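Undergrad: What follows is work35.txt; its format and atoms are compact mmCIF, C-alpha atoms.
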# COMPACT_ATOMS: atom_id res chain seq x y z
CA MET Y 205 59.35 137.48 115.75
CA ARG Y 206 58.10 140.98 116.54
CA LEU Y 207 60.09 142.47 113.63
CA TRP Y 208 58.75 139.80 111.33
CA SER Y 209 55.20 140.57 112.41
CA ARG Y 210 55.75 144.27 111.78
CA GLU Y 211 57.07 143.50 108.32
CA LEU Y 212 54.02 141.40 107.55
CA TRP Y 213 51.73 144.18 108.79
CA ARG Y 214 53.64 146.65 106.60
CA ILE Y 215 53.11 144.47 103.52
CA GLY Y 216 49.48 144.07 104.49
CA TRP Y 217 48.96 147.84 104.80
CA TRP Y 218 50.55 148.41 101.38
CA ALA Y 219 48.26 145.77 99.92
CA ILE Y 220 45.17 147.36 101.53
CA LEU Y 221 46.25 150.81 100.36
CA GLY Y 222 46.72 149.52 96.84
CA VAL Y 223 43.31 147.84 96.81
CA PHE Y 224 41.67 151.04 98.12
CA LEU Y 225 43.30 153.21 95.47
CA GLY Y 226 42.43 150.66 92.81
CA TRP Y 227 38.81 150.57 93.98
CA LEU Y 228 38.64 154.32 93.57
CA LEU Y 229 39.82 153.86 89.99
CA ASN Y 230 37.58 150.80 89.43
CA ALA Y 231 40.72 148.53 89.26
CA PRO Y 232 41.24 146.86 92.69
CA SER Y 233 43.42 144.06 91.25
CA LEU Y 234 45.73 146.57 89.64
CA GLY Y 235 45.95 148.48 92.90
CA LEU Y 236 46.82 145.30 94.81
CA ALA Y 237 49.59 144.54 92.30
CA ALA Y 238 50.89 148.10 92.63
CA GLY Y 239 51.03 147.76 96.42
CA PHE Y 240 53.03 144.54 96.19
CA ALA Y 241 55.29 146.14 93.56
CA VAL Y 242 56.14 149.00 95.94
CA CYS Y 243 57.07 146.45 98.66
CA LEU Y 244 59.18 144.50 96.18
CA VAL Y 245 61.05 147.61 95.05
CA TYR Y 246 61.75 148.55 98.67
CA HIS Y 247 63.16 145.12 99.53
CA LEU Y 248 65.21 145.00 96.33
CA ARG Y 249 66.78 148.36 97.20
CA GLN Y 250 67.66 147.11 100.67
CA LEU Y 251 69.05 143.88 99.20
CA ARG Y 252 71.18 145.90 96.76
CA ALA Y 253 72.46 148.06 99.64
CA LEU Y 254 73.36 144.87 101.57
CA PHE Y 255 75.21 143.42 98.56
CA GLN Y 256 77.19 146.63 97.97
CA TRP Y 257 78.10 146.91 101.63
CA LEU Y 258 79.35 143.30 101.91
CA THR Y 259 81.29 143.34 98.64
CA LEU Y 260 82.59 146.90 98.34
CA GLN Y 261 82.86 148.33 101.85
CA PRO Y 262 82.67 145.46 104.37
CA HIS Y 263 84.74 147.33 106.99
CA ASN Y 264 82.52 150.45 106.99
CA GLU Y 265 79.39 150.93 109.04
CA PRO Y 266 76.26 149.33 107.56
CA PRO Y 267 73.69 151.34 105.54
CA ALA Y 268 70.90 153.06 107.47
CA ALA Y 269 67.62 151.17 107.43
CA LYS Y 270 64.54 150.62 109.54
CA GLY Y 271 62.63 147.62 110.67
CA MET Y 272 63.80 144.13 109.83
CA TRP Y 273 66.48 145.33 107.41
CA GLY Y 274 67.98 147.67 110.00
CA GLU Y 275 68.15 144.84 112.55
CA LEU Y 276 69.71 142.53 109.91
CA PHE Y 277 72.38 145.15 109.06
CA ASP Y 278 73.20 145.69 112.75
CA ARG Y 279 73.52 141.97 113.48
CA LEU Y 280 75.74 141.37 110.47
CA TYR Y 281 77.92 144.30 111.50
CA ARG Y 282 78.29 142.98 115.07
CA TYR Y 283 79.05 139.49 113.74
CA GLN Y 284 81.70 140.86 111.37
CA LYS Y 285 83.27 142.86 114.18
CA SER Y 286 83.45 139.83 116.49
CA GLN Y 287 84.94 137.75 113.65
CA ARG Y 288 87.59 140.37 112.99
CA ILE Y 289 88.50 140.41 116.68
CA THR Y 290 88.71 136.60 116.74
CA GLN Y 291 90.82 136.53 113.59
CA SER Y 292 93.13 139.18 115.01
CA ARG Y 293 93.61 137.11 118.16
CA LEU Y 294 94.28 133.98 116.12
CA ARG Y 295 96.79 135.79 113.92
CA SER Y 296 98.50 137.15 117.01
CA THR Y 297 98.62 133.68 118.57
CA LEU Y 298 99.99 132.14 115.37
CA ALA Y 299 102.58 134.89 115.12
CA ARG Y 300 103.73 134.22 118.69
CA ILE Y 301 103.88 130.47 117.99
CA GLN Y 302 105.95 131.05 114.87
CA GLU Y 303 108.23 133.48 116.69
CA SER Y 304 108.78 131.00 119.51
CA SER Y 305 109.39 128.22 117.00
CA GLU Y 306 111.88 130.40 115.17
CA ALA Y 307 113.72 130.95 118.45
CA MET Y 308 114.08 127.20 119.01
CA ARG Y 309 117.32 125.44 118.21
CA ASP Y 310 115.43 122.29 117.30
CA SER Y 311 113.86 121.82 113.88
CA VAL Y 312 110.06 122.06 113.73
CA VAL Y 313 108.21 120.92 110.59
CA MET Y 314 104.42 120.94 110.26
CA LEU Y 315 102.82 118.41 107.90
CA ASP Y 316 99.24 118.16 106.68
CA ARG Y 317 97.18 114.96 106.83
CA HIS Y 318 98.81 113.74 103.59
CA GLY Y 319 102.36 114.24 104.87
CA ASP Y 320 103.02 117.36 102.75
CA LEU Y 321 105.13 120.22 104.11
CA GLU Y 322 103.11 123.19 105.38
CA TRP Y 323 105.53 125.23 107.51
CA TRP Y 324 108.95 124.93 109.15
CA ASN Y 325 111.27 127.12 111.19
CA SER Y 326 114.70 128.40 110.27
CA ALA Y 327 116.44 125.62 112.24
CA ALA Y 328 114.75 123.06 109.98
CA ALA Y 329 116.01 124.92 106.93
CA LYS Y 330 119.58 124.70 108.28
CA MET Y 331 119.47 121.10 109.54
CA LEU Y 332 117.34 119.50 106.83
CA GLY Y 333 118.07 121.79 103.90
CA LEU Y 334 114.44 122.84 103.33
CA GLN Y 335 113.84 125.75 100.95
CA THR Y 336 110.68 127.83 101.14
CA ALA Y 337 110.52 128.56 97.43
CA HIS Y 338 110.69 124.95 96.26
CA ASP Y 339 109.77 122.55 99.07
CA ARG Y 340 106.43 123.86 100.37
CA GLY Y 341 103.73 121.34 99.47
CA GLN Y 342 106.24 118.55 98.83
CA HIS Y 343 105.83 115.21 100.62
CA ILE Y 344 108.26 114.79 103.50
CA THR Y 345 109.65 111.50 102.13
CA ASN Y 346 110.61 113.25 98.88
CA LEU Y 347 113.12 115.30 100.88
CA LEU Y 348 114.11 112.88 103.67
CA ARG Y 349 114.75 109.77 101.58
CA ASP Y 350 116.55 107.57 104.08
CA PRO Y 351 114.74 104.17 104.05
CA ARG Y 352 114.81 104.07 107.84
CA PHE Y 353 112.98 107.41 108.07
CA ILE Y 354 110.44 106.32 105.45
CA SER Y 355 109.73 103.13 107.40
CA TYR Y 356 109.50 105.08 110.66
CA PHE Y 357 107.16 107.64 109.07
CA ASN Y 358 104.85 105.05 107.50
CA ALA Y 359 104.76 102.76 110.55
CA ARG Y 360 102.90 105.45 112.57
CA LYS Y 361 104.46 104.14 115.79
CA TYR Y 362 106.22 107.17 117.22
CA GLY Y 363 106.80 106.08 120.80
CA GLU Y 364 110.59 106.02 120.35
CA PRO Y 365 112.68 108.60 118.46
CA LEU Y 366 114.73 107.80 115.37
CA THR Y 367 118.43 108.69 115.12
CA LEU Y 368 119.91 109.38 111.67
CA THR Y 369 122.56 111.52 110.06
CA SER Y 370 121.54 114.87 108.62
CA PRO Y 371 120.53 114.73 104.93
CA ILE Y 372 122.88 117.65 104.14
CA ASP Y 373 125.80 116.95 106.53
CA GLU Y 374 126.87 113.40 107.38
CA ARG Y 375 128.89 114.68 110.34
CA CYS Y 376 125.69 115.90 112.03
CA ILE Y 377 123.57 113.37 113.96
CA LEU Y 378 119.84 114.18 114.26
CA GLN Y 379 117.16 112.64 116.43
CA TYR Y 380 113.68 112.67 114.88
CA GLN Y 381 110.43 112.60 116.86
CA ILE Y 382 107.00 112.67 115.18
CA THR Y 383 103.76 113.65 116.95
CA LEU Y 384 100.22 113.22 115.62
CA TYR Y 385 97.74 116.06 116.22
CA GLY Y 386 94.58 117.61 114.81
CA ASP Y 387 93.01 115.94 111.77
CA ASP Y 388 95.71 113.28 111.33
CA GLU Y 389 98.33 116.00 110.90
CA ARG Y 390 101.91 115.49 112.02
CA LEU Y 391 104.61 117.55 113.70
CA VAL Y 392 108.19 116.50 112.97
CA MET Y 393 110.85 117.65 115.40
CA ALA Y 394 114.57 117.08 114.89
CA ARG Y 395 117.30 117.92 117.36
CA ASP Y 396 121.05 117.92 116.90
CA ILE Y 397 122.58 115.25 119.17
CA THR Y 398 126.01 115.20 117.53
CA ARG Y 399 127.77 116.16 120.76
CA LEU Y 400 125.85 113.59 122.83
CA HIS Y 401 126.51 110.95 120.18
CA ARG Y 402 130.23 111.67 120.25
CA LEU Y 403 130.31 111.58 124.06
CA GLU Y 404 128.47 108.26 124.03
CA GLN Y 405 130.89 106.92 121.44
CA MET Y 406 133.82 108.07 123.57
CA ARG Y 407 132.29 106.37 126.60
CA ARG Y 408 131.85 103.10 124.71
CA ASP Y 409 135.37 103.27 123.33
CA PHE Y 410 136.78 104.08 126.77
CA VAL Y 411 134.97 101.17 128.43
CA ALA Y 412 135.96 98.78 125.66
CA ASN Y 413 139.62 99.87 125.72
CA VAL Y 414 139.92 99.79 129.50
CA SER Y 415 138.20 96.42 129.69
CA HIS Y 416 140.51 95.05 127.02
CA GLU Y 417 143.60 96.41 128.74
CA LEU Y 418 142.54 94.89 132.07
CA ARG Y 419 142.35 91.39 130.67
CA THR Y 420 146.14 90.93 130.46
CA PRO Y 421 147.00 91.93 134.06
CA LEU Y 422 144.03 89.95 135.35
CA THR Y 423 145.21 86.90 133.44
CA VAL Y 424 148.68 87.26 134.96
CA LEU Y 425 147.26 87.67 138.46
CA THR Y 426 145.01 84.66 137.99
CA GLY Y 427 147.95 82.52 136.86
CA TYR Y 428 150.11 83.44 139.86
CA LEU Y 429 147.22 83.04 142.29
CA GLU Y 430 146.48 79.58 140.93
CA THR Y 431 150.13 78.68 141.46
CA TYR Y 432 150.10 80.01 145.01
CA GLY Y 433 146.79 78.30 145.60
CA GLU Y 434 148.39 74.93 144.96
CA LEU Y 435 150.89 75.76 147.73
CA LYS Y 436 148.33 76.83 150.34
CA GLU Y 437 149.34 74.04 152.69
CA GLN Y 438 152.90 75.30 152.78
CA LEU Y 439 151.90 78.91 153.50
CA PRO Y 440 150.87 80.48 156.80
CA PRO Y 441 147.09 80.25 157.42
CA ARG Y 442 146.55 84.02 157.22
CA LEU Y 443 148.35 84.22 153.85
CA GLY Y 444 146.42 81.22 152.58
CA ARG Y 445 143.07 82.88 153.38
CA GLY Y 446 144.25 86.05 151.66
CA ILE Y 447 145.16 84.14 148.51
CA GLY Y 448 141.72 82.51 148.50
CA GLN Y 449 140.00 85.88 148.72
CA MET Y 450 142.24 87.28 146.01
CA GLU Y 451 141.32 84.37 143.72
CA GLU Y 452 137.63 85.00 144.35
CA GLN Y 453 137.83 88.75 143.65
CA THR Y 454 140.05 88.26 140.60
CA LYS Y 455 137.51 85.85 139.14
CA ARG Y 456 134.76 88.37 139.85
CA MET Y 457 136.74 91.10 138.08
CA GLN Y 458 137.29 88.81 135.10
CA ASN Y 459 133.53 88.23 134.86
CA LEU Y 460 132.96 91.98 135.06
CA VAL Y 461 135.50 92.68 132.29
CA ASN Y 462 133.98 89.98 130.09
CA ASP Y 463 130.48 91.44 130.56
CA LEU Y 464 131.75 94.95 129.80
CA LEU Y 465 133.41 93.74 126.63
CA LEU Y 466 130.24 91.91 125.59
CA LEU Y 467 128.14 95.03 126.21
CA SER Y 468 130.57 97.17 124.18
CA ARG Y 469 130.41 94.72 121.30
CA LEU Y 470 126.61 94.66 121.40
CA GLU Y 471 126.49 98.47 121.31
CA ILE Y 472 129.06 98.95 118.55
CA ASP Y 473 128.41 95.97 116.30
CA GLN Y 474 125.18 96.12 114.28
CA GLY Y 475 124.95 92.33 114.24
CA GLY Y 476 122.65 90.23 112.09
CA GLU Y 477 125.29 88.26 110.18
CA ASP Y 478 124.76 85.03 112.15
CA HIS Y 479 120.97 85.26 112.43
CA GLN Y 480 119.26 82.07 111.30
CA PRO Y 481 116.28 79.93 112.35
CA LEU Y 482 117.29 77.96 115.43
CA VAL Y 483 115.58 75.25 117.46
CA VAL Y 484 114.89 76.68 120.91
CA GLY Y 485 114.57 73.40 122.83
CA PRO Y 486 118.25 72.28 122.76
CA MET Y 487 119.40 75.78 123.69
CA LEU Y 488 117.10 75.84 126.74
CA ASP Y 489 118.33 72.36 127.72
CA ARG Y 490 121.94 73.57 127.71
CA ILE Y 491 120.97 76.61 129.79
CA ARG Y 492 119.13 74.30 132.21
CA ARG Y 493 122.24 72.16 132.71
CA ASP Y 494 124.40 75.26 133.27
CA ALA Y 495 121.89 76.62 135.81
CA LEU Y 496 121.84 73.30 137.69
CA ALA Y 497 125.65 73.30 137.78
CA LEU Y 498 125.64 76.85 139.15
CA SER Y 499 123.15 75.94 141.88
CA SER Y 500 124.94 72.68 142.74
CA GLN Y 501 121.69 70.81 142.08
CA GLN Y 502 119.94 72.81 144.83
CA HIS Y 503 117.20 74.15 142.54
CA ASP Y 504 114.51 72.47 140.47
CA VAL Y 505 115.07 73.76 136.93
CA GLN Y 506 112.54 72.66 134.28
CA VAL Y 507 112.13 73.27 130.52
CA MET Y 508 108.65 73.51 129.01
CA LEU Y 509 108.23 73.60 125.20
CA GLU Y 510 104.69 74.67 124.34
CA CYS Y 511 105.31 75.22 120.62
CA GLU Y 512 107.56 73.84 117.88
CA ALA Y 513 108.33 77.14 116.17
CA ARG Y 514 111.87 78.18 115.41
CA LEU Y 515 113.36 81.53 116.38
CA VAL Y 516 115.37 83.63 113.91
CA GLY Y 517 118.39 85.11 115.64
CA SER Y 518 121.92 84.65 116.88
CA GLU Y 519 122.18 81.51 118.99
CA GLN Y 520 125.26 82.79 120.81
CA GLU Y 521 123.62 86.10 121.79
CA LEU Y 522 120.29 84.53 122.73
CA HIS Y 523 122.06 81.87 124.79
CA SER Y 524 123.91 84.63 126.64
CA ALA Y 525 120.72 86.60 127.32
CA ILE Y 526 118.53 83.69 128.48
CA SER Y 527 121.34 82.19 130.57
CA ASN Y 528 121.73 85.54 132.34
CA LEU Y 529 118.04 85.42 133.27
CA ALA Y 530 118.33 81.78 134.41
CA PHE Y 531 121.50 82.43 136.44
CA ASN Y 532 119.84 85.43 138.12
CA ALA Y 533 116.94 83.18 139.07
CA VAL Y 534 119.41 80.73 140.64
CA ARG Y 535 121.37 83.42 142.46
CA TYR Y 536 118.42 85.31 143.91
CA THR Y 537 116.08 82.49 144.93
CA PRO Y 538 116.49 80.25 147.98
CA GLU Y 539 117.52 76.60 147.70
CA GLY Y 540 114.70 74.30 146.63
CA SER Y 541 113.02 76.94 144.47
CA GLN Y 542 111.51 75.94 141.15
CA ILE Y 543 112.70 77.67 137.97
CA THR Y 544 110.92 77.15 134.65
CA LEU Y 545 112.29 77.94 131.20
CA ARG Y 546 109.29 78.16 128.85
CA TRP Y 547 109.01 78.60 125.06
CA LYS Y 548 105.50 79.33 123.77
CA SER Y 549 103.65 81.08 120.96
CA LEU Y 550 101.26 84.00 121.42
CA PRO Y 551 97.86 84.59 119.72
CA ASP Y 552 99.16 87.36 117.43
CA GLY Y 553 101.77 85.10 115.83
CA SER Y 554 104.65 86.24 118.03
CA ALA Y 555 106.39 84.03 120.59
CA CYS Y 556 108.20 84.38 123.87
CA ILE Y 557 110.79 82.76 126.12
CA GLU Y 558 109.88 82.98 129.81
CA VAL Y 559 112.07 82.46 132.86
CA ASP Y 560 109.74 81.94 135.82
CA ASP Y 561 110.65 81.34 139.45
CA ASP Y 562 108.80 81.07 142.76
CA GLY Y 563 111.37 82.93 144.84
CA GLU Y 564 111.08 86.03 146.98
CA GLY Y 565 110.03 88.31 144.12
CA ILE Y 566 110.88 91.94 143.42
CA ASP Y 567 109.17 95.11 144.55
CA PRO Y 568 107.51 96.70 141.44
CA VAL Y 569 109.19 100.03 142.30
CA HIS Y 570 112.54 98.54 141.15
CA ILE Y 571 111.32 97.00 137.87
CA PRO Y 572 111.71 100.10 135.62
CA ARG Y 573 115.42 100.35 136.56
CA LEU Y 574 116.41 96.69 136.54
CA THR Y 575 118.02 96.88 133.09
CA GLU Y 576 120.27 99.80 134.06
CA ARG Y 577 123.95 99.01 134.38
CA PHE Y 578 125.10 98.14 137.89
CA TYR Y 579 121.62 98.74 139.35
CA ARG Y 580 121.05 96.42 142.31
CA VAL Y 581 117.88 95.83 144.29
CA ASP Y 582 119.90 94.62 147.28
CA LYS Y 583 123.56 95.63 146.97
CA GLY Y 584 124.80 93.43 149.77
CA ARG Y 585 123.08 90.29 148.52
CA SER Y 586 124.05 90.96 144.89
CA THR Y 587 127.72 91.30 145.81
CA ALA Y 588 127.58 88.11 147.84
CA THR Y 589 126.13 86.13 144.93
CA GLY Y 590 128.93 87.18 142.60
CA GLY Y 591 126.82 89.09 140.11
CA THR Y 592 128.34 91.90 138.04
CA GLY Y 593 125.19 94.04 137.77
CA LEU Y 594 125.35 93.90 133.96
CA GLY Y 595 123.30 90.79 133.23
CA LEU Y 596 119.96 92.49 132.55
CA ALA Y 597 121.67 95.27 130.58
CA ILE Y 598 123.10 92.55 128.31
CA VAL Y 599 119.64 90.98 128.03
CA LYS Y 600 118.13 94.31 127.00
CA HIS Y 601 120.73 94.94 124.28
CA VAL Y 602 120.45 91.42 122.90
CA LEU Y 603 116.66 91.72 122.69
CA LEU Y 604 116.92 95.11 120.98
CA ARG Y 605 119.13 93.51 118.33
CA HIS Y 606 116.37 90.92 117.83
CA ASP Y 607 113.45 93.42 117.71
CA ALA Y 608 112.19 91.94 120.98
CA LEU Y 609 110.87 93.30 124.26
CA LEU Y 610 111.62 92.39 127.87
CA GLN Y 611 108.57 92.24 130.15
CA ILE Y 612 109.00 91.78 133.92
CA GLU Y 613 106.21 90.74 136.27
CA SER Y 614 106.93 90.37 139.96
CA HIS Y 615 105.65 91.14 143.45
CA PRO Y 616 107.25 90.46 146.84
CA GLY Y 617 106.64 86.88 147.91
CA GLU Y 618 105.15 85.86 144.55
CA GLY Y 619 108.24 85.04 142.50
CA ALA Y 620 109.35 86.75 139.29
CA LEU Y 621 108.57 86.27 135.61
CA PHE Y 622 110.94 87.55 132.91
CA ARG Y 623 109.36 87.34 129.45
CA CYS Y 624 111.29 87.90 126.20
CA VAL Y 625 108.69 88.63 123.50
CA PHE Y 626 109.82 88.18 119.88
CA PRO Y 627 107.77 89.63 116.98
CA ALA Y 628 106.05 87.41 114.43
CA THR Y 629 108.72 88.29 111.85
CA ARG Y 630 111.25 86.46 114.03
CA VAL Y 631 109.15 83.32 114.47
CA VAL Y 632 109.13 80.47 111.94
CA HIS Y 633 106.18 78.17 112.67
CA ALA Y 634 106.45 74.50 111.84
Could you show the structure in this file as structure tokens?
TA:
Amino acid sequence: MRLWSRELWRIGWWAILGVFLGWLLNAPSLGLAAGFAVCLVYHLRQLRALFQWLTLQPHNEPPAAKGMWGELFDRLYRYQKSQRITQSRLRSTLARIQESSEAMRDSVVMLDRHGDLEWWNSAAAKMLGLQTAHDRGQHITNLLRDPRFISYFNARKYGEPLTLTSPIDERCILQYQITLYGDDERLVMARDITRLHRLEQMRRDFVANVSHELRTPLTVLTGYLETYGELKEQLPPRLGRGIGQMEEQTKRMQNLVNDLLLLSRLEIDQGGEDHQPLVVGPMLDRIRRDALALSSQQHDVQVMLECEARLVGSEQELHSAISNLAFNAVRYTPEGSQITLRWKSLPDGSACIEVDDDGEGIDPVHIPRLTERFYRVDKGRSTATGGTGLGLAIVKHVLLRHDALLQIESHPGEGALFRCVFPATRVVHA
């Protein structure tokens, strides 16, 4: 404000001087105009100096000036200097980010808010076949044309990664993960999991082959043990007890082999051929009868049908999954417990099958790991009940093949609720 006041006083003095000189020449108006003209010429010269400095020599020191113009030049110069320092820091930071991205083995692709390619590292060029000269500015789906990637990209649900073959080498398996950032921009990362994929395939093949090979010797053992079991009365008591235990363990091993074979088939086979709309009520009734037979009528098993919708899926696989949940409820709840098999619709158009019991419940610390193979909350009790430790793993794989989710709610002493939630696309309402 002080500089502005000085400038106003300066203009005023020039005006007074012009009027005085004009009065001496009997032309005060002309003198006033001359005074203002001198001020205008001065400011135009300073404005011209500012324009030349900013356009021709912006990195040099500003022109020398006094008063308000001198302060304006100094402030612009300091602002330019701070901006250059900031830009230098940003360029240095970007350079370090690009260098670190170039050092990564994983592909990194930056997309703008429209999904067009902005930048990528050398690993992306090798894995995805991107070329700087031709592909910059192209939409990502013009280069990665797999329908599964396009659906994954457009769905905007990036919680889980997507596994596909490389667009330039079918022998290479890539895992894609997309992250949203900034102004609706996206970062696409792809990593080579070919080795892990092959190891997983070898593991599945090994389990399937071993399980298949074990079926024949187990069948032979079971046949001989059944024969010896019919002659228990003629054998010594100690040998008779041993045969009984052998029969029990052989049956348990057969169940384990059957579950392993089922898991291998669910992992290898894509499925979907036998999916059709099925009526849920009769399936739950059959599971109820099987659960009552397993519990020797010691549990109260009920079926509640709260909707008439049909469920699109494989009846054999769904029967296996829901029966596993019902049999677990029988095995791990005391006699007299109530077990409810419930089929109901949800407000968003989806539907769910629930297996609810009022047993001892499960500590929430175990819930995240319940679907892992052979994971047991209580190893001693699980072995005593005859479980294989694969039931919930089978349930998880069956639900994945039906685009469904498994939700578990339980607390000690409050029972357990296992909910299989099926999307609206799998539900056919009456």
Undergrad: Would you list the contacts of Gly333 (chain Y) as a count of residues only, taking every protein, DNA or RNA residue within 8 Å and counting only C-alpha atoms, but skipping same-chain residues closer than 4 positions in sequence?
TA: 4
Undergrad: Separation of CA of Leu403 (chain Y) and CA of Leu378 (chain Y), in Å?
TA: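 Spanning CA of Leu403 (chain Y) to CA of Leu378 (chain Y) is a straight-line distance of 14.6 Å.
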Undergrad: Give me the residues near Glu512 (chain Y) as a PDB file with C-alpha atoms, in the coordinates of the input, where near means some atom within 9 Å (using all atoms listed in the file) and where sequence neighbours in that chain fewer than 4 positions away do not count.
TA:
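Written output follows (selection31.pdb):
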ATOM      1  CA  VAL Y 483     115.580  75.250 117.460  1.00  0.00           C
ATOM      2  CA  VAL Y 484     114.890  76.680 120.910  1.00  0.00           C
ATOM      3  CA  GLY Y 485     114.570  73.400 122.830  1.00  0.00           C
ATOM      4  CA  TRP Y 547     109.010  78.600 125.060  1.00  0.00           C
ATOM      5  CA  LYS Y 548     105.500  79.330 123.770  1.00  0.00           C
ATOM      6  CA  SER Y 549     103.650  81.080 120.960  1.00  0.00           C
ATOM      7  CA  HIS Y 633     106.180  78.170 112.670  1.00  0.00           C
ATOM      8  CA  ALA Y 634     106.450  74.500 111.840  1.00  0.00           C
TER       9      ALA Y 634
END
Undergrad: Output, as JSON, the centre and edge lengths in Å (one decimal) of the axis-aligned box that contains all listed atoms of region 434-441 of chain Y with 3 Å of margin on each side.
TA:
{"center_x": 150.0, "center_y": 77.3, "center_z": 151.2, "size_x": 11.8, "size_y": 12.4, "size_z": 18.5}
Undergrad: Tell me, counting all atoms listed in the file, for each residue of region 380-427 of chain Y within 10 Å of region 444-460 of chain Y, which pair of atoms is nearest and how far apart they are in Å to one decimal, in rows ordered by chain and increasing number, as JSON lines.
TA:
{"residue": "Y:Ser415", "atom": "CA", "partner": "Y:Leu460", "partner_atom": "CA", "distance": 8.7}
{"residue": "Y:Leu418", "atom": "CA", "partner": "Y:Gln458", "partner_atom": "CA", "distance": 8.6}
{"residue": "Y:Arg419", "atom": "CA", "partner": "Y:Gln458", "partner_atom": "CA", "distance": 7.2}
{"residue": "Y:Leu422", "atom": "CA", "partner": "Y:Thr454", "partner_atom": "CA", "distance": 6.8}
{"residue": "Y:Thr423", "atom": "CA", "partner": "Y:Gln458", "partner_atom": "CA", "distance": 8.3}
{"residue": "Y:Leu425", "atom": "CA", "partner": "Y:Thr454", "partner_atom": "CA", "distance": 7.5}
{"residue": "Y:Thr426", "atom": "CA", "partner": "Y:Thr454", "partner_atom": "CA", "distance": 6.7}
{"residue": "Y:Gly427", "atom": "CA", "partner": "Y:Glu451", "partner_atom": "CA", "distance": 9.7}
